[in-house]
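Dumped work.cif below, it's mmCIF, C-alpha atoms:
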```
data_query
#
loop_
_atom_site.label_atom_id
_atom_site.label_comp_id
_atom_site.auth_asym_id
_atom_site.auth_seq_id
_atom_site.Cartn_x
_atom_site.Cartn_y
_atom_site.Cartn_z
CA MET A 1 13.22 -23.58 30.17
CA PRO A 2 9.67 -24.97 29.98
CA ALA A 3 7.69 -24.77 33.22
CA GLY A 4 6.97 -28.51 33.21
CA ARG A 5 10.62 -29.36 33.02
CA PHE A 6 11.38 -26.96 35.85
CA ARG A 7 8.75 -28.64 38.04
CA ILE A 8 10.19 -32.11 37.39
CA ILE A 9 13.68 -31.00 38.35
CA THR A 10 12.36 -29.31 41.49
CA LEU A 11 10.58 -32.50 42.53
CA CYS A 12 13.70 -34.60 41.97
CA VAL A 13 15.80 -32.34 44.16
CA TRP A 14 13.12 -32.28 46.86
CA ALA A 15 12.82 -36.07 46.79
CA LEU A 16 16.54 -36.63 47.06
CA ALA A 17 16.89 -34.17 49.94
CA ALA A 18 13.84 -35.53 51.78
CA GLY A 19 15.10 -39.09 51.50
CA VAL A 20 18.40 -38.24 53.14
CA THR A 21 16.73 -36.40 56.01
CA ALA A 22 14.42 -39.30 56.83
CA ALA A 23 17.11 -41.97 56.78
CA GLY A 24 19.85 -40.25 58.73
CA ALA A 25 18.02 -37.43 60.48
CA GLN A 26 20.31 -35.03 58.83
CA THR A 27 19.52 -31.92 56.90
CA ALA A 28 20.93 -30.68 53.67
CA THR A 29 20.15 -27.81 51.37
CA ALA A 30 20.09 -27.63 47.63
CA THR A 31 20.12 -24.31 45.83
CA LEU A 32 17.85 -24.17 42.83
CA ALA A 33 18.86 -21.92 39.96
CA ALA A 34 16.16 -21.10 37.44
CA ASP A 35 17.77 -19.82 34.29
CA VAL A 36 15.45 -17.35 32.58
CA GLN A 37 17.01 -16.18 29.36
CA PRO A 38 15.79 -13.36 27.10
CA LEU A 39 13.26 -14.77 24.70
CA GLY A 40 11.11 -13.41 21.92
CA LYS A 41 8.22 -15.08 20.18
CA LEU A 42 6.24 -13.41 17.43
CA THR A 43 2.87 -14.43 16.00
CA LEU A 44 1.13 -12.75 13.07
CA SER A 45 -2.47 -13.35 12.01
CA ALA A 46 -1.59 -13.56 8.30
CA THR A 47 1.32 -14.44 6.08
CA SER A 48 0.19 -12.35 3.14
CA LEU A 49 -1.28 -8.92 2.46
CA THR A 50 -3.15 -7.99 -0.72
CA PHE A 51 -4.10 -4.52 -1.90
CA PRO A 52 -6.89 -4.42 -4.50
CA ASP A 53 -6.96 -2.04 -7.44
CA ALA A 54 -8.87 1.19 -6.84
CA ASP A 55 -9.55 4.60 -8.37
CA PRO A 56 -6.89 6.96 -6.96
CA ASP A 57 -9.40 9.82 -6.90
CA LEU A 58 -11.88 7.87 -4.82
CA VAL A 59 -9.47 5.78 -2.74
CA PRO A 60 -6.16 7.62 -2.35
CA GLN A 61 -5.15 5.23 0.45
CA VAL A 62 -6.03 1.63 -0.33
CA PRO A 63 -6.40 -0.48 2.82
CA ALA A 64 -5.15 -4.05 2.76
CA ALA A 65 -7.89 -6.54 2.02
CA GLY A 66 -8.83 -8.61 5.02
CA GLY A 67 -8.43 -5.85 7.55
CA PRO A 68 -5.73 -5.26 10.13
CA LEU A 69 -2.87 -7.62 10.83
CA THR A 70 -3.06 -8.88 14.40
CA ILE A 71 0.28 -9.14 16.14
CA THR A 72 1.16 -10.99 19.32
CA ALA A 73 4.66 -10.40 20.64
CA LYS A 74 5.82 -12.38 23.63
CA GLY A 75 9.01 -11.04 25.08
CA ARG A 76 11.22 -11.79 28.05
CA ALA A 77 14.10 -9.42 28.56
CA HIS A 78 16.42 -8.07 31.21
CA TRP A 79 14.93 -5.32 33.33
CA GLY A 80 15.78 -1.93 31.99
CA THR A 81 16.06 -3.11 28.41
CA VAL A 82 13.56 -2.55 25.64
CA ILE A 83 11.82 -5.21 23.57
CA THR A 84 11.36 -4.02 20.02
CA LEU A 85 9.40 -5.16 17.01
CA THR A 86 10.51 -3.88 13.62
CA VAL A 87 9.49 -4.40 10.02
CA GLN A 88 11.56 -3.99 6.88
CA ALA A 89 10.88 -4.57 3.19
CA ASP A 90 13.21 -6.82 1.26
CA ASP A 91 12.94 -4.46 -1.72
CA ASP A 92 10.67 -1.90 -3.34
CA LEU A 93 7.38 -3.08 -4.84
CA ARG A 94 8.28 -4.70 -8.13
CA SER A 95 6.35 -5.83 -11.18
CA GLY A 96 8.96 -7.06 -13.60
CA VAL A 97 11.27 -4.12 -14.11
CA THR A 98 8.68 -1.61 -12.91
CA VAL A 99 9.15 -0.28 -9.41
CA ILE A 100 6.96 1.50 -6.90
CA PRO A 101 8.80 2.69 -3.75
CA ALA A 102 8.24 0.60 -0.63
CA SER A 103 7.51 3.88 1.14
CA THR A 104 4.07 3.93 -0.53
CA LEU A 105 3.13 1.36 2.10
CA SER A 106 2.36 2.67 5.56
CA TRP A 107 0.39 1.59 8.58
CA THR A 108 -1.64 2.80 11.47
CA ALA A 109 -1.37 0.82 14.67
CA SER A 110 -3.38 0.12 17.77
CA GLY A 111 -2.27 -1.44 21.03
CA THR A 112 0.04 -0.40 23.82
CA GLY A 113 3.54 0.24 22.55
CA PHE A 114 2.56 0.15 18.88
CA VAL A 115 3.21 3.17 16.68
CA ASP A 116 2.21 4.27 13.18
CA GLY A 117 4.88 4.15 10.52
CA THR A 118 6.03 4.01 6.94
CA LEU A 119 7.79 1.09 5.32
CA ASN A 120 11.40 1.37 4.25
CA ARG A 121 13.52 -1.04 2.30
CA THR A 122 16.87 0.02 3.71
CA THR A 123 16.08 0.68 7.35
CA ALA A 124 13.97 -1.36 9.72
CA ALA A 125 11.02 0.68 10.92
CA VAL A 126 9.80 0.35 14.50
CA VAL A 127 6.36 -1.21 14.80
CA ALA A 128 6.32 -1.37 18.59
CA SER A 129 8.51 -1.24 21.66
CA TRP A 130 7.99 -2.22 25.26
CA SER A 131 10.02 -1.65 28.39
CA SER A 132 8.60 -4.60 30.28
CA PRO A 133 8.44 -8.31 29.56
CA GLY A 134 5.13 -9.96 28.85
CA VAL A 135 2.60 -10.69 26.14
CA HIS A 136 1.94 -7.63 23.97
CA GLY A 137 -0.86 -7.53 21.45
CA GLY A 138 -1.81 -5.01 18.81
CA THR A 139 -2.94 -4.49 15.26
CA GLN A 140 -1.42 -2.96 12.19
CA GLN A 141 -3.65 -1.64 9.41
CA TRP A 142 -1.60 -1.38 6.23
CA SER A 143 -2.47 0.97 3.40
CA PHE A 144 -1.09 1.69 -0.04
CA ALA A 145 -0.71 5.26 -1.37
CA ASN A 146 -2.67 5.07 -4.62
CA SER A 147 -1.71 7.29 -7.56
CA TRP A 148 -2.42 7.78 -11.25
CA LEU A 149 1.33 7.92 -11.78
CA GLN A 150 1.76 4.25 -10.92
CA PRO A 151 2.06 2.01 -13.97
CA ALA A 152 -0.36 -0.88 -14.20
CA GLY A 153 0.95 -4.18 -12.90
CA THR A 154 0.98 -6.69 -10.07
CA TYR A 155 3.62 -5.65 -7.59
CA THR A 156 5.13 -7.72 -4.80
CA LEU A 157 7.58 -7.48 -1.94
CA THR A 158 8.23 -9.33 1.30
CA LEU A 159 7.99 -7.87 4.79
CA LEU A 160 10.37 -9.09 7.47
CA TYR A 161 9.15 -8.68 11.03
CA THR A 162 11.79 -8.98 13.76
CA LEU A 163 11.09 -9.17 17.47
CA THR A 164 14.15 -8.59 19.63
CA ALA A 165 14.30 -9.17 23.38
CA PRO A 166 17.81 -8.16 24.49
CA MET B 1 25.98 -36.39 55.23
CA LYS B 2 28.03 -37.42 52.23
CA LYS B 3 24.88 -38.76 50.60
CA ALA B 4 23.11 -35.45 51.10
CA VAL B 5 25.95 -33.49 49.59
CA TRP B 6 26.08 -35.78 46.60
CA SER B 7 22.34 -35.45 46.19
CA ALA B 8 22.65 -31.70 46.09
CA ILE B 9 25.50 -31.86 43.61
CA VAL B 10 23.51 -34.18 41.39
CA ALA B 11 20.50 -31.89 41.56
CA VAL B 12 22.48 -28.81 40.61
CA ALA B 13 24.15 -30.76 37.83
CA VAL B 14 20.74 -31.76 36.51
CA LEU B 15 19.68 -28.12 36.53
CA ILE B 16 22.80 -27.01 34.72
CA VAL B 17 22.36 -29.65 32.04
CA ALA B 18 18.67 -28.96 31.69
CA ALA B 19 19.00 -25.20 31.28
CA PRO B 20 20.09 -24.02 27.82
CA ALA B 21 23.25 -22.01 27.81
CA SER B 22 21.65 -19.24 25.75
CA ALA B 23 17.98 -18.95 24.77
CA GLN B 24 16.80 -17.47 21.51
CA ASN B 25 16.04 -13.77 21.97
CA THR B 26 14.85 -12.84 18.51
CA ASP B 27 12.02 -14.13 16.39
CA THR B 28 11.28 -13.26 12.77
CA LYS B 29 8.28 -13.70 10.52
CA THR B 30 7.72 -12.82 6.89
CA VAL B 31 4.62 -11.49 5.16
CA ASN B 32 4.21 -11.48 1.38
CA VAL B 33 2.68 -8.30 -0.02
CA THR B 34 0.84 -8.02 -3.34
CA VAL B 35 -0.39 -4.71 -4.76
CA ASN B 36 -2.71 -4.77 -7.76
CA VAL B 37 -2.61 -1.74 -10.04
CA SER B 38 -4.91 -2.23 -13.01
CA ALA B 39 -5.09 -0.34 -16.30
CA ARG B 40 -7.61 2.45 -15.94
CA ALA B 41 -8.81 5.60 -17.71
CA LYS B 42 -10.78 8.50 -16.32
CA LEU B 43 -11.82 11.57 -18.27
CA THR B 44 -13.07 14.82 -16.81
CA LEU B 45 -14.28 17.86 -18.77
CA SER B 46 -14.86 21.24 -17.19
CA ALA B 47 -18.03 21.82 -19.21
CA SER B 48 -20.72 19.69 -20.77
CA THR B 49 -22.11 22.38 -23.11
CA LEU B 50 -20.59 24.80 -25.57
CA THR B 51 -22.42 27.82 -26.91
CA PHE B 52 -21.40 29.98 -29.83
CA ALA B 53 -23.04 33.40 -29.82
CA ASP B 54 -24.34 35.00 -32.97
CA ALA B 55 -21.89 37.41 -34.58
CA ASP B 56 -21.31 39.49 -37.70
CA PRO B 57 -19.28 37.31 -40.09
CA ASP B 58 -17.33 40.34 -41.30
CA THR B 59 -16.21 41.43 -37.87
CA THR B 60 -16.07 37.97 -36.29
CA PRO B 61 -15.15 35.43 -38.93
CA SER B 62 -14.39 32.89 -36.22
CA ILE B 63 -16.58 32.66 -33.14
CA ALA B 64 -14.73 31.43 -30.09
CA ALA B 65 -16.20 29.51 -27.22
CA GLY B 66 -14.75 29.31 -23.74
CA ALA B 67 -11.96 26.84 -23.13
CA ILE B 68 -12.75 23.34 -21.92
CA ASN B 69 -10.31 22.03 -19.38
CA VAL B 70 -9.56 18.36 -19.84
CA ASP B 71 -8.19 15.92 -17.27
CA ALA B 72 -7.19 12.65 -18.87
CA LYS B 73 -6.06 10.31 -16.12
CA VAL B 74 -4.67 6.99 -17.22
CA ARG B 75 -2.88 4.02 -15.79
CA THR B 76 -0.94 2.15 -18.39
CA SER B 77 2.15 0.05 -18.53
CA PRO B 78 5.34 2.12 -18.29
CA GLY B 79 5.49 4.22 -21.46
CA GLY B 80 2.20 2.73 -22.64
CA ALA B 81 0.28 4.79 -25.17
CA SER B 82 -3.13 6.28 -24.49
CA SER B 83 -5.24 8.51 -26.67
CA LEU B 84 -8.08 10.99 -26.42
CA THR B 85 -10.35 11.46 -29.41
CA VAL B 86 -13.43 13.52 -30.25
CA LEU B 87 -16.24 12.63 -32.66
CA ALA B 88 -19.37 14.56 -33.59
CA ASP B 89 -22.61 12.66 -33.91
CA ASP B 90 -23.60 14.68 -36.98
CA ASP B 91 -23.24 18.05 -38.65
CA LEU B 92 -24.62 21.06 -36.82
CA THR B 93 -28.33 20.76 -37.43
CA SER B 94 -31.27 23.10 -37.10
CA GLY B 95 -34.35 21.37 -38.40
CA THR B 96 -33.50 20.58 -41.99
CA ASP B 97 -30.70 23.12 -42.15
CA THR B 98 -27.14 22.05 -41.52
CA ILE B 99 -23.72 23.56 -41.09
CA ALA B 100 -20.86 21.20 -41.87
CA ILE B 101 -19.27 20.06 -38.62
CA SER B 102 -15.88 20.68 -40.20
CA ASN B 103 -16.51 24.38 -39.52
CA LEU B 104 -15.82 23.56 -35.92
CA THR B 105 -12.12 23.57 -35.10
CA TRP B 106 -10.08 23.74 -31.92
CA THR B 107 -6.77 24.82 -30.56
CA ALA B 108 -5.24 23.01 -27.61
CA SER B 109 -2.66 23.46 -24.89
CA GLY B 110 -1.02 20.93 -22.63
CA GLY B 111 1.46 18.14 -23.13
CA GLY B 112 0.28 15.69 -25.77
CA TYR B 113 -2.67 17.81 -26.91
CA ALA B 114 -3.08 18.87 -30.55
CA ALA B 115 -5.25 21.26 -32.54
CA GLY B 116 -7.76 19.77 -34.97
CA THR B 117 -10.93 19.90 -37.00
CA MET B 118 -14.15 18.16 -36.01
CA ASP B 119 -15.52 15.28 -38.04
CA ALA B 120 -18.75 13.32 -37.84
CA THR B 121 -17.48 10.09 -39.33
CA THR B 122 -13.92 9.65 -38.11
CA ALA B 123 -12.77 10.24 -34.55
CA GLN B 124 -10.17 12.99 -34.41
CA THR B 125 -7.22 12.87 -32.07
CA LEU B 126 -7.22 15.52 -29.37
CA GLY B 127 -4.43 14.04 -27.27
CA SER B 128 -1.77 11.34 -27.43
CA PHE B 129 -0.01 10.43 -24.20
CA SER B 130 2.77 8.17 -23.04
CA GLY B 131 2.76 6.42 -19.70
CA PRO B 132 0.51 6.71 -16.67
CA GLY B 133 -0.50 9.96 -15.07
CA ASN B 134 -2.89 12.87 -15.18
CA HIS B 135 -2.55 14.43 -18.61
CA SER B 136 -4.20 17.80 -18.27
CA GLY B 137 -4.88 20.23 -21.07
CA ALA B 138 -7.28 22.77 -22.46
CA GLN B 139 -9.27 22.86 -25.67
CA THR B 140 -10.74 26.01 -27.18
CA TYR B 141 -13.31 25.61 -29.95
CA ALA B 142 -13.98 28.07 -32.73
CA LEU B 143 -16.81 28.06 -35.25
CA ALA B 144 -16.12 29.48 -38.69
CA ASN B 145 -18.73 32.19 -39.22
CA SER B 146 -20.30 32.76 -42.64
CA TRP B 147 -23.01 34.78 -44.41
CA SER B 148 -24.06 31.54 -46.10
CA TYR B 149 -25.45 30.00 -42.91
CA ALA B 150 -29.24 29.88 -42.73
CA THR B 151 -30.52 31.42 -39.53
CA GLY B 152 -31.32 28.97 -36.80
CA SER B 153 -30.18 27.38 -33.60
CA TYR B 154 -27.86 24.55 -34.51
CA THR B 155 -26.80 21.69 -32.30
CA ALA B 156 -24.48 18.69 -32.36
CA THR B 157 -23.12 16.32 -29.75
CA ILE B 158 -19.43 15.59 -29.38
CA THR B 159 -18.21 12.39 -27.82
CA TYR B 160 -14.81 12.33 -26.11
CA THR B 161 -13.13 8.96 -25.76
CA LEU B 162 -10.07 8.29 -23.63
CA THR B 163 -8.43 4.96 -24.31
CA ALA B 164 -5.72 3.40 -22.18
CA PRO B 165 -5.01 -0.06 -23.56
#
```
Whole structure given in C-alpha cells:
Amino acid sequence: MPAGRFRIITLCVWALAAGVTAAGAQTATATLAADVQPLGKLTLSATSLTFPDADPDLVPQVPAAGGPLTITAKGRAHWGTVITLTVQADDDLRSGVTVIPASTLSWTASGTGFVDGTLNRTTAAVVASWSSPGVHGGTQQWSFANSWLQPAGTYTLTLLYTLTAP
Amino acid sequence: MKKAVWSAIVAVAVLIVAAPASAQNTDTKTVNVTVNVSARAKLTLSASTLTFADADPDTTPSIAAGAINVDAKVRTSPGGASSLTVLADDDLTSGTDTIAISNLTWTASGGGYAAGTMDATTAQTLGSFSGPGNHSGAQTYALANSWSYATGSYTATITYTLTAP
C-alpha cells in the first residue's frame, strides 16, 4: 500500500476516535493493520544490448557497446526468504537459420549479491540474490565469446529478467 | 460508546478495503540483444622469405625450401566459399637473366589446400575452403634445378590473397 494512502487512513481513524472522546469523555481503541505484501520492482538502465563486430584474435571477448547494464532491484519479502533476480534467453542467437549458442553470452557483475554467470536458453541463470528486503543496485557487464567459427550475420535474441520476492 | 465502536469498525473496514489482498511479488523486464558478426578474412604466413640454396642439378634436380605454415581465418556465411591464391610479380630475375617462374612449384597439406605451379600472370589457387573457421595448412616450395640456368641470385615476390566474399 502506498505510504500516502496509509497516512490518510491513519488520520481518519485518529479523527474519528478523537471526536468520540471529546464529546462523551469516553475512550476507544482502534487497531491499525498495515498490510505489507511481498513486492518486487526491477529497473534496468537499457532495453537493448549491441555487440559490435571484432577480430576474434584481437578481441576474443567482445564487450557490449555502451558499457555495463545498471540494475536496480527493489524487493520486499518475508524474513528468512530470498529475493532473486534471474535472466534467461528466449532462444539461441539467431540470424535467419544460422544459430550461435546463447551460452556465448556471459557477464561479470558488481554489487552486493550479484554474481557472474553465463546465459542459458533453457534454464534461468541467477544474476543476484539477497536475503534481506531493500533496494539493491549493481551492474552487469555482458560479453560475447568471439570466434572465427561463427558465420557472418546479425544475430538477435531477447533476455528476460525476472525479480522474485517470495 | 456505541459511536466509538462503530468508528473503530469503520476504520478497520476502510483499512481492509484499502489494502490489496495480494501484492505483486515478481517483476520482469526484457532486453533485446544484437550481435554483429561481419565477413572477415585474415591471413598469416610463418615466413616472409624463401631461399633456395645452390645445388648440383644432377644430384638435386629439385631444390626444396622449408615449409610455410598458412593460417587462413575467414568468416563467411554458413558454407560460404573462400579462396587463397598466390601470384608472382614476375619471373625469377637476376639483372637481365631470368628463370621462368613456372619452375617454382609447391606441394601442400591441410584441408582445402592443393599443390600447384607458380604463375606471374594468373593467380593460382592454393586453397579453397567452405564455411567460416581457421583453415590451416602448409605449403612447401620446390625449384626445378637445371644446368641451363645462368649463374646469379634470382628474386621474385609472391603475393598471397585470401578472399572471403
key: Expected residue set, 10 Å radius at (2.2, -4.0, 17.2), all atoms listed in the file, as a ChimeraX atom specification   = /A:44,69-73,84-86,108-116,126-129,136-140
Residues within 10 Å of Pro60 in chain A, all atoms listed in the file, excluding chain neighbours under 2 positions, as a list of chain:residue names = A:Ala54, A:Asp55, A:Pro56, A:Asp57, A:Leu58, A:Val62, A:Pro63, A:Ser143, A:Phe144, A:Ala145, A:Asn146, A:Ser147, A:Trp148
query = Hey, can you check how far CA of Asp35 in chain A sits from CA of Thr28 in chain B?
reply =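 A separation of 23.4 Å between them.
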query = Hey, what's within 7 Å of Leu49 in chain A if we count all atoms listed in the file and toss same-chain stuff fewer than 3 positions away? As a ChimeraX atom specification, please?
reply = /A:64 /B:31-34
message = as number ranges by chain, please: the residues near Ala123 in chain B (cut-off 7 Å, all atoms listed in the file, same-chain neighbours under 6 positions excluded).
response = B: 85-87
Please write the residues from the selection above to a file, keeping C-alpha atoms, as a CSV table (one decimal), keeping the file's coordinate frame.
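For reference, result_5.csv as written:
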```csv
chain,number,residue,atom,x,y,z
B,85,THR,CA,-10.4,11.5,-29.4
B,86,VAL,CA,-13.4,13.5,-30.2
B,87,LEU,CA,-16.2,12.6,-32.7
```
key: Long-range neighbours of range 125-137 of chain B as a ChimeraX atom specification, 8 Å cut-off, only C-alpha atoms, 6 positions minimum in chain   = /A:148-151 /B:69-86,108-116
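Coordinates place CA of Ala138 in chain B at a distance of 8.4 Å from CA of Thr107 in chain B.
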note = CA of Thr98 in chain B to CA of Thr161 in chain B measures 24.8 Å
ask   = Written as a ChimeraX atom specification, what is the full residue list that the PyMOL selection byres ((chain A and resi 95-104) around 8) yields on the file shown?
value = /A:89,91-94,105-106,118-121,144-146,150-151,153-156 /B:78
Selection near Ala65 in chain A, 8 Å with only C-alpha atoms, sequence-local residues under 5 positions removed, as a ChimeraX atom specification = /A:49-52
